[in-house]
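Asker: One file is attached below, target14.txt, containing compact mmCIF, C-alpha atoms.
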```txt
# COMPACT_ATOMS: atom_id res chain seq x y z
CA MET U 1 13.57 -9.22 2.08
CA SER U 2 14.83 -5.85 0.88
CA LYS U 3 14.42 -2.75 3.01
CA ILE U 4 13.22 0.27 1.07
CA VAL U 5 13.81 3.73 2.47
CA ASN U 6 12.47 7.05 1.18
CA GLY U 7 14.24 9.90 2.99
CA ASP U 8 13.74 9.21 6.71
CA MET U 9 10.70 7.02 6.14
CA THR U 10 11.04 3.26 6.00
CA ILE U 11 8.38 1.56 3.91
CA SER U 12 7.71 -2.12 4.39
CA GLY U 13 8.17 -4.11 1.24
CA ASN U 14 6.00 -6.99 2.36
CA GLY U 15 2.63 -5.71 1.14
CA LYS U 16 1.49 -7.91 -1.71
CA VAL U 17 -0.74 -6.17 -4.24
CA ILE U 18 -2.16 -7.98 -7.24
CA LEU U 19 -2.39 -5.56 -10.16
CA TYR U 20 -4.17 -8.22 -12.16
CA THR U 21 -4.62 -11.97 -11.80
CA THR U 22 -2.70 -14.07 -14.28
CA LYS U 23 -3.89 -17.41 -15.58
CA ASP U 24 -1.65 -19.27 -13.15
CA GLN U 25 -3.43 -17.42 -10.28
CA ARG U 26 -0.07 -16.96 -8.54
CA HIS U 27 1.43 -13.71 -9.75
CA GLN U 28 2.12 -11.38 -6.82
CA LEU U 29 4.77 -8.74 -6.26
CA ASP U 30 6.11 -6.86 -3.26
CA VAL U 31 5.40 -3.23 -4.00
CA VAL U 32 6.01 0.12 -2.33
CA LEU U 33 2.74 1.84 -1.37
CA ASP U 34 3.38 5.57 -1.10
CA GLY U 35 1.33 8.61 -2.07
CA ASP U 36 -1.83 6.55 -2.73
CA THR U 37 -0.17 4.65 -5.58
CA ALA U 38 2.05 1.62 -6.15
CA TRP U 39 5.75 1.91 -7.05
CA LEU U 40 7.84 -0.73 -8.78
CA SER U 41 11.45 -0.79 -9.93
CA GLN U 42 12.37 -1.66 -13.52
CA LYS U 43 13.36 -5.13 -12.34
CA GLN U 44 9.97 -5.66 -10.70
CA ILE U 45 8.09 -4.39 -13.78
CA ALA U 46 10.12 -6.81 -15.90
CA GLU U 47 9.12 -9.61 -13.52
CA LEU U 48 5.48 -8.53 -13.65
CA TYR U 49 5.27 -8.72 -17.44
CA GLN U 50 7.90 -11.47 -17.86
CA VAL U 51 10.18 -9.46 -20.14
CA ALA U 52 13.83 -8.37 -20.00
CA ALA U 53 14.75 -5.29 -17.94
CA ASN U 54 16.18 -3.53 -21.02
CA THR U 55 12.79 -3.98 -22.73
CA VAL U 56 11.14 -2.16 -19.84
CA SER U 57 13.77 0.58 -20.06
CA HIS U 58 13.10 0.96 -23.80
CA HIS U 59 9.35 1.36 -23.26
CA ILE U 60 9.86 3.86 -20.42
CA ASN U 61 12.07 6.05 -22.61
CA GLN U 62 9.58 5.80 -25.49
CA ILE U 63 6.67 6.75 -23.23
CA TYR U 64 8.55 9.87 -22.12
CA ARG U 65 9.51 10.75 -25.70
CA ASP U 66 5.88 10.41 -26.82
CA GLY U 67 4.78 12.76 -24.03
CA GLU U 68 2.34 10.15 -22.75
CA LEU U 69 3.61 10.66 -19.20
CA ALA U 70 5.89 13.19 -17.49
CA ARG U 71 9.07 11.92 -15.87
CA GLU U 72 8.85 14.16 -12.79
CA ALA U 73 5.35 12.83 -11.98
CA THR U 74 6.09 9.13 -12.45
CA VAL U 75 9.57 8.53 -10.97
CA ARG U 76 10.65 8.41 -7.34
CA HIS U 77 14.05 7.44 -5.94
CA TYR U 78 14.31 5.02 -3.01
CA ARG U 79 17.38 3.77 -1.21
CA VAL U 80 17.20 -0.02 -1.33
CA THR U 81 19.26 -2.11 1.08
CA GLN U 82 19.75 -5.70 -0.04
CA ASN U 83 22.21 -8.58 0.29
CA GLU U 84 24.87 -8.76 -2.38
CA SER U 85 27.67 -11.34 -2.03
CA ASN U 86 26.89 -11.85 1.66
CA ARG U 87 27.01 -8.15 2.50
CA GLU U 88 24.39 -5.45 2.80
CA VAL U 89 24.55 -2.80 0.09
CA THR U 90 22.41 0.31 -0.14
CA ARG U 91 21.80 1.82 -3.55
CA PRO U 92 19.44 4.52 -4.87
CA ILE U 93 17.02 2.91 -7.32
CA GLU U 94 14.36 4.46 -9.54
CA PHE U 95 10.82 3.31 -8.91
CA TYR U 96 7.89 4.01 -11.26
CA ASN U 97 4.30 4.67 -10.27
CA LEU U 98 1.11 2.87 -11.28
CA GLU U 99 0.50 5.09 -14.32
CA MET U 100 3.83 4.04 -15.80
CA ILE U 101 3.34 0.39 -14.82
CA LEU U 102 0.03 0.31 -16.69
CA ALA U 103 1.37 2.24 -19.68
CA ILE U 104 4.16 -0.32 -20.08
CA GLY U 105 1.57 -3.11 -19.90
CA TYR U 106 -0.05 -1.77 -23.06
CA ARG U 107 3.27 -1.90 -24.94
CA VAL U 108 5.10 -5.07 -23.96
CA ARG U 109 4.92 -8.07 -26.28
CA SER U 110 4.84 -11.11 -24.04
CA PRO U 111 2.26 -13.69 -23.00
CA ARG U 112 1.90 -11.91 -19.67
CA GLY U 113 1.51 -8.58 -21.42
CA VAL U 114 -1.30 -10.12 -23.48
CA GLU U 115 -2.95 -11.35 -20.26
CA PHE U 116 -2.69 -7.87 -18.80
CA ARG U 117 -4.31 -6.25 -21.85
CA GLN U 118 -7.11 -8.81 -21.81
CA TRP U 119 -7.72 -8.09 -18.15
CA ALA U 120 -7.58 -4.30 -18.72
CA THR U 121 -9.97 -4.55 -21.69
CA GLU U 122 -12.49 -6.52 -19.60
CA ARG U 123 -12.34 -3.87 -16.87
CA LEU U 124 -12.69 -1.02 -19.37
CA GLN U 125 -15.57 -2.74 -21.16
CA GLU U 126 -17.36 -3.27 -17.84
CA TYR U 127 -16.86 0.41 -16.99
CA ILE U 128 -18.18 1.63 -20.36
CA VAL U 129 -21.22 -0.67 -20.35
CA LYS U 130 -22.15 -0.54 -16.65
CA GLY U 131 -20.62 2.74 -15.52
CA PHE U 132 -18.52 1.00 -12.86
CA THR U 133 -16.01 -1.78 -12.32
CA LEU U 134 -15.27 -3.39 -8.95
CA ASP U 135 -12.63 -5.63 -7.41
CA ASP U 136 -15.02 -7.69 -5.32
CA GLU U 137 -12.39 -9.62 -3.36
CA ARG U 138 -10.52 -6.48 -2.32
CA LEU U 139 -13.74 -4.75 -1.26
CA LYS U 140 -14.68 -7.79 0.84
CA GLY U 141 -11.62 -6.98 2.94
CA ASN U 142 -9.14 -9.46 1.53
CA ASN U 143 -6.58 -6.73 0.88
CA PRO U 144 -6.46 -4.31 3.84
CA LEU U 145 -3.48 -2.44 2.38
CA THR U 146 -5.67 -0.95 -0.34
CA ASP U 147 -9.05 -0.76 1.40
CA HIS U 148 -11.20 2.04 -0.02
CA PHE U 149 -14.51 0.50 1.04
CA ASP U 150 -15.63 3.54 3.03
CA GLU U 151 -14.93 5.78 0.05
CA LEU U 152 -16.98 3.46 -2.18
CA LEU U 153 -19.91 3.53 0.27
CA ALA U 154 -19.83 7.34 0.38
CA ARG U 155 -19.81 7.60 -3.41
CA VAL U 156 -22.66 5.10 -3.77
CA ARG U 157 -24.66 7.01 -1.16
CA ASP U 158 -24.08 10.23 -3.08
CA ILE U 159 -25.24 8.61 -6.33
CA ARG U 160 -28.33 7.01 -4.73
CA ALA U 161 -29.22 10.32 -3.07
CA SER U 162 -28.96 12.35 -6.30
CA GLU U 163 -32.24 14.00 -7.28
CA GLN U 164 -32.65 12.12 -10.57
CA ARG U 165 -31.90 8.72 -9.00
CA VAL U 166 -34.21 9.31 -6.00
CA TYR U 167 -37.05 10.53 -8.22
CA LEU U 168 -36.81 7.47 -10.50
CA ARG U 169 -36.72 5.13 -7.49
CA LEU U 170 -39.71 6.84 -5.85
CA LYS U 171 -41.59 6.59 -9.13
CA ASP U 172 -40.94 2.82 -9.14
CA ILE U 173 -42.06 2.54 -5.50
CA PHE U 174 -45.21 4.60 -6.07
CA SER U 175 -46.12 2.50 -9.11
CA LEU U 176 -46.71 -0.44 -6.72
CA ALA U 177 -49.22 1.50 -4.58
CA GLU U 178 -52.81 0.23 -4.64
CA ASP U 179 -54.20 3.51 -6.02
CA TYR U 180 -51.34 4.48 -8.34
CA ARG U 181 -52.20 6.14 -11.66
CA PRO U 182 -49.45 6.80 -14.25
CA ASP U 183 -50.63 10.36 -14.90
CA ASP U 184 -50.93 11.22 -11.20
CA GLN U 185 -48.95 14.16 -9.76
CA ASP U 186 -48.60 12.47 -6.36
CA VAL U 187 -45.02 11.36 -7.08
CA LYS U 188 -43.90 14.91 -7.89
CA VAL U 189 -45.71 16.33 -4.86
CA PHE U 190 -44.22 13.71 -2.52
CA PHE U 191 -40.76 14.15 -4.05
CA ALA U 192 -40.87 17.89 -3.29
CA THR U 193 -42.18 17.18 0.22
CA MET U 194 -39.52 14.55 0.80
CA GLN U 195 -36.75 16.92 -0.33
CA ASN U 196 -37.96 19.55 2.11
CA LYS U 197 -38.23 17.12 5.01
CA MET U 198 -34.84 15.54 4.28
CA HIS U 199 -33.06 18.91 4.10
CA PHE U 200 -34.78 19.96 7.33
CA ALA U 201 -33.72 16.73 9.04
CA ALA U 202 -30.09 17.28 7.98
CA THR U 203 -29.79 21.05 8.56
CA GLY U 204 -32.78 22.30 10.54
CA LYS U 205 -33.86 24.35 7.52
CA THR U 206 -36.11 23.65 4.54
CA ALA U 207 -34.65 23.59 1.04
CA ALA U 208 -36.14 27.02 0.33
CA GLN U 209 -34.71 28.44 3.57
CA ILE U 210 -31.24 27.16 2.73
CA VAL U 211 -31.32 28.82 -0.70
CA ALA U 212 -32.79 32.09 0.59
CA GLU U 213 -30.34 32.39 3.52
CA ARG U 214 -27.12 31.17 1.91
CA ALA U 215 -27.29 32.67 -1.59
CA ASN U 216 -24.98 35.68 -1.27
CA ALA U 217 -23.34 37.54 -4.16
CA GLY U 218 -20.67 38.86 -1.78
CA GLU U 219 -19.44 35.40 -0.75
CA PRO U 220 -16.84 33.36 -2.67
CA ASN U 221 -18.71 31.26 -5.26
CA MET U 222 -21.92 32.95 -4.06
CA GLY U 223 -21.93 30.66 -1.03
CA LEU U 224 -22.17 27.48 -3.09
CA THR U 225 -20.05 24.47 -2.16
CA SER U 226 -20.73 22.48 -5.36
CA TRP U 227 -22.04 23.09 -8.88
CA LYS U 228 -22.02 21.56 -12.35
CA GLY U 229 -19.41 22.60 -14.87
CA GLN U 230 -16.49 24.96 -14.41
CA GLU U 231 -18.52 28.09 -13.69
CA ILE U 232 -21.58 28.71 -11.53
CA ARG U 233 -24.74 29.12 -13.62
CA LYS U 234 -28.16 30.45 -12.70
CA ALA U 235 -29.59 26.91 -12.59
CA ASP U 236 -27.06 25.98 -9.88
CA VAL U 237 -28.06 28.67 -7.38
CA THR U 238 -31.63 27.45 -6.83
CA ILE U 239 -30.59 23.94 -5.71
CA ALA U 240 -30.40 23.69 -1.92
CA LYS U 241 -27.94 20.78 -1.88
CA ASN U 242 -25.37 22.98 -3.66
CA TYR U 243 -25.07 25.11 -0.50
CA LEU U 244 -24.52 22.30 2.01
CA ASN U 245 -21.20 21.66 3.71
CA LEU U 246 -19.58 18.21 3.75
CA ARG U 247 -21.12 17.19 7.08
CA GLU U 248 -24.62 18.24 5.99
CA ILE U 249 -24.28 16.41 2.67
CA ASP U 250 -23.11 13.26 4.45
CA ILE U 251 -26.09 13.35 6.84
CA LEU U 252 -28.55 14.12 4.01
CA ASN U 253 -27.25 11.30 1.82
CA ARG U 254 -27.43 8.81 4.67
CA ILE U 255 -31.02 9.78 5.53
CA VAL U 256 -32.16 9.58 1.91
CA VAL U 257 -30.52 6.19 1.30
CA MET U 258 -31.88 4.80 4.57
CA PHE U 259 -35.41 5.89 3.66
CA LEU U 260 -35.17 4.38 0.18
CA ASP U 261 -34.10 1.07 1.76
CA HIS U 262 -36.95 1.40 4.27
CA ALA U 263 -39.50 2.05 1.49
CA GLU U 264 -38.16 -0.80 -0.66
CA LEU U 265 -38.38 -3.21 2.29
CA LYS U 266 -42.04 -2.34 2.74
CA ILE U 267 -42.67 -3.08 -0.94
CA ILE U 268 -40.75 -6.39 -0.76
CA GLN U 269 -42.85 -7.38 2.26
CA ARG U 270 -45.92 -6.72 0.09
CA GLU U 271 -47.49 -4.27 2.51
CA LEU U 272 -50.74 -2.70 1.27
CA ILE U 273 -49.84 0.99 0.90
CA TYR U 274 -51.73 3.89 -0.71
CA THR U 275 -49.97 6.90 -2.20
CA LYS U 276 -51.33 9.29 0.42
CA GLU U 277 -49.76 7.21 3.21
CA TRP U 278 -46.17 7.78 2.11
CA GLU U 279 -45.76 11.16 3.82
CA ASP U 280 -46.85 9.66 7.13
CA ILE U 281 -44.44 6.75 6.57
CA LEU U 282 -41.67 9.28 5.94
CA ASP U 283 -42.45 11.25 9.12
CA LYS U 284 -42.46 8.07 11.24
CA PHE U 285 -39.17 7.00 9.65
CA LEU U 286 -37.54 10.36 10.48
CA ALA U 287 -38.89 10.34 14.03
CA SER U 288 -37.67 6.78 14.62
CA ASN U 289 -34.16 7.91 13.61
CA GLU U 290 -34.34 10.81 16.08
CA VAL U 291 -33.87 13.59 13.51
CA LEU U 292 -35.87 16.79 13.09
CA VAL U 293 -39.30 16.32 11.50
CA LEU U 294 -40.70 19.23 9.51
CA GLU U 295 -44.32 20.18 10.15
CA GLY U 296 -45.94 21.95 7.21
CA ALA U 297 -44.18 23.44 4.20
CA GLY U 298 -41.82 25.81 6.01
CA LYS U 299 -41.61 29.61 6.33
CA VAL U 300 -40.06 30.39 2.93
CA SER U 301 -41.78 29.48 -0.32
CA HIS U 302 -39.96 27.91 -3.27
CA ASN U 303 -40.75 30.88 -5.52
CA ALA U 304 -39.49 33.41 -2.95
CA ALA U 305 -36.22 31.49 -2.53
CA ARG U 306 -35.77 31.26 -6.31
CA GLN U 307 -36.28 35.01 -6.70
CA ILE U 308 -33.73 35.78 -3.97
CA ALA U 309 -31.16 33.39 -5.43
CA GLU U 310 -31.56 34.64 -9.00
CA THR U 311 -31.27 38.29 -7.88
CA GLU U 312 -28.07 37.46 -6.01
CA TYR U 313 -26.81 35.57 -9.04
CA ASP U 314 -27.33 38.56 -11.34
CA SER U 315 -25.17 40.67 -9.02
CA PHE U 316 -22.60 37.88 -8.70
CA ALA U 317 -22.43 37.36 -12.49
CA GLN U 318 -21.93 41.09 -13.05
CA LYS U 319 -19.01 41.17 -10.59
CA ARG U 320 -17.51 38.06 -12.17
CA ARG U 321 -17.79 39.59 -15.64
CA ALA U 322 -16.14 42.81 -14.45
CA ALA U 323 -13.30 40.82 -12.82
CA LYS U 324 -12.71 38.90 -16.05
CA GLU U 325 -12.61 42.11 -18.08
CA LYS U 326 -10.14 43.63 -15.64
CA GLU U 327 -7.94 40.54 -15.80
CA ALA U 328 -8.06 40.53 -19.61
CA GLU U 329 -7.14 44.22 -19.71
CA SER U 330 -4.22 43.60 -17.34
CA ARG U 331 -2.94 40.74 -19.50
CA TYR U 332 -3.28 42.93 -22.61
CA LEU U 333 -1.22 45.71 -21.00
CA ASP U 334 1.43 43.20 -19.90
CA ASP U 335 1.64 41.77 -23.42
CA LEU U 336 1.86 45.29 -24.86
CA GLN U 337 4.68 46.24 -22.49
CA ASN U 338 6.55 43.04 -23.34
CA THR U 339 6.18 43.78 -27.05
CA VAL U 340 7.50 47.32 -26.57
CA LYS U 341 10.51 46.01 -24.63
CA LEU U 342 11.18 43.44 -27.35
CA VAL U 343 11.12 46.11 -30.08
CA GLU U 344 13.41 48.40 -28.02
CA ASN U 345 15.90 45.57 -27.45
CA LYS U 346 16.00 44.83 -31.18
CA ARG U 347 16.67 48.52 -31.93
CA LYS U 348 19.53 48.64 -29.41
CA LYS U 349 21.15 45.58 -31.00
CA ARG U 350 21.20 47.43 -34.34
```
For this file, produce the structure as structure tokens.
Answerer:
Amino acid sequence: MSKIVNGDMTISGNGKVILYTTKDQRHQLDVVLDGDTAWLSQKQIAELYQVAANTVSHHINQIYRDGELAREATVRHYRVTQNESNREVTRPIEFYNLEMILAIGYRVRSPRGVEFRQWATERLQEYIVKGFTLDDERLKGNNPLTDHFDELLARVRDIRASEQRVYLRLKDIFSLAEDYRPDDQDVKVFFATMQNKMHFAATGKTAAQIVAERANAGEPNMGLTSWKGQEIRKADVTIAKNYLNLREIDILNRIVVMFLDHAELKIIQRELIYTKEWEDILDKFLASNEVLVLEGAGKVSHNAARQIAETEYDSFAQKRRAAKEKEAESRYLDDLQNTVKLVENKRKKR
């Protein structure tokens, strides 16, 4: 077994990672795991795709020439100690990261390269059609070296707790109530109530309170911690979840997902439930999980919070616009000065 050293850090080369499963079900390679990516030498990449090392070298050079990848971002040097003619020899060897490994896979002409592209196309097709692709065996814990299961759970919780997803799920749940009517406003009313109670359980404040208290034109990003797009828009500042910190978001997402599971279990068990009972079910669920339970609608109305947030946004947007104009003016003056210097230098050369 080779010993691979990066600076003063020794990295074990005995972690087997399967980039893709070949038809023989046996293809594994020892790889270097460093910087949340895999690193392989040219020799290992050649072994992976069953081609000659000079073929790999050709594709690497072509990829750099095409500008598909940048050399400085994809190459790392490791000192590799290995046995050569019954003696240990240490040499610096170039290793290439996962981006380069995959890029080469799309170029090599070999049976194994074909297998790789078939595998990659299946994964890409699954992603485009379903919106996700999963390595089930790895997520079951069969590859602890690359275990991102907790990250996956957090992302799924965030998706399930999104407003659109929760509303659609609640609509499905309400449709199974004994007294459900398609044109009823009960779903919308309960959704608003649920949002308020969930935010209160996670933060001790209603959604309207969070918006009214945290919207501040004088704070960086107006006090928001998340928003859609590159710039904050007026629609972003009236959403309470956009002001929550990471801990609050984590608690909120967990509570929402737990309640959805709780509600779905009741439906699966075919309990006889009327639409008006859902708020009481929610309160009992929150109390059983020992979190704060909101009584009433809260001290700040939705309309009052919206007005506060939009007023703060107007002030924030004005400051942002002024800052942009100042920056543009500064760049213009710099460009003008550079032009003047260029003209003066040309005159001196004459």
Asker: Would you kindly return, as a PyMOL selection string, each protein, DNA or RNA residue with an atom no farther than 12 Å from any atom of Lys228 of chain U, considering only C-alpha atoms and excluding same-chain residues fewer than 5 positions away?
Answerer: chain U and resi 233-237+239+242
Asker: Please indicate the distance in Å from atom CA of Thr238 of chain U to atom CA of Ala215 of chain U, rounded to one decimal place.
Answerer: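 Taking atom CA of Thr238 of chain U as the start and atom CA of Ala215 of chain U as the end point, the length is 8.6 Å.
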Asker: Looking at all atoms listed in the file, which of U:Arg91, U:Lys326, U:Arg320, U:His262 is the one that sits closest to Leu170 of chain U?
Answerer: U:His262
Asker: Could you list, as a PyMOL selection string, every residue within 10 Å of segment 269-279 of chain U, counting only C-alpha atoms and ignoring same-chain residues fewer than 6 positions away?
Answerer: chain U and resi 173-181+186-187+190-191+193-194+197+263+285
Asker: Given all atoms listed in the file as the basis, pick out the residue of U:Arg107, U:Lys348, U:Lys266, U:Arg165 nearest to Gln62 of chain U.
Answerer: U:Arg107
Asker: As an exercise, work out the distance from atom CA of Gly204 of chain U to atom CA of Glu248 of chain U in Å and give it to one decimal place.
Answerer: 10.2 Å
Asker: Between U:Glu231, U:Glu151, U:Glu290, U:Asp135, which residue has the minimum interatomic distance to Ala202 of chain U, considering all atoms listed in the file?
Answerer: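 Using all atoms listed in the file, the shortest distance to Ala202 of chain U belongs to U:Glu290.
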Asker: Of the candidates U:Gln195, U:Asn253, U:Val211, U:Gly229, which one gets nearest to Gln307 of chain U if we count only C-alpha atoms?
Answerer: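 Once distances to Gln307 of chain U are computed over only C-alpha atoms, the minimum belongs to U:Val211.
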Asker: Could you check how far atom CA of Ser162 of chain U sits from atom CA of Ile232 of chain U, in Å to one decimal?
Answerer: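 For atom CA of Ser162 of chain U relative to atom CA of Ile232 of chain U, the distance reads 18.7 Å.
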Asker: For each of U:Gln164, U:Tyr127, U:Arg306, U:Ile281, take the minimum atom-to-atom distance to Glu213 of chain U, counting all atoms listed in the file, then give the residue where this is smallest.
Answerer: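 Nearest candidate to Glu213 of chain U out of U:Gln164, U:Tyr127, U:Arg306, U:Ile281: U:Arg306.
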Asker: Which polymer residues have any atom within 7 Å of an atom of segment 64-76 of chain U, counting all atoms listed in the file, with same-chain residues fewer than 3 positions away left out, as a PyMOL selection string?
Answerer: chain U and resi 60-61+94-97+100
Asker: With all atoms of segment 204-210 of chain U from the file as input, state the centre and edge lengths in Å to one decimal of the axis-aligned box that has 5 Å extra on each side, as JSON.
Answerer:
```
{"center_x": -33.7, "center_y": 25.4, "center_z": 5.4, "size_x": 14.9, "size_y": 16.1, "size_z": 20.2}
```
Asker: Using all atoms listed in the file, which residues sit within 10 Å of Lys299 of chain U once same-chain residues fewer than 3 positions away are excluded, as a PyMOL selection string?
Answerer: chain U and resi 205-206+208-209+296+302
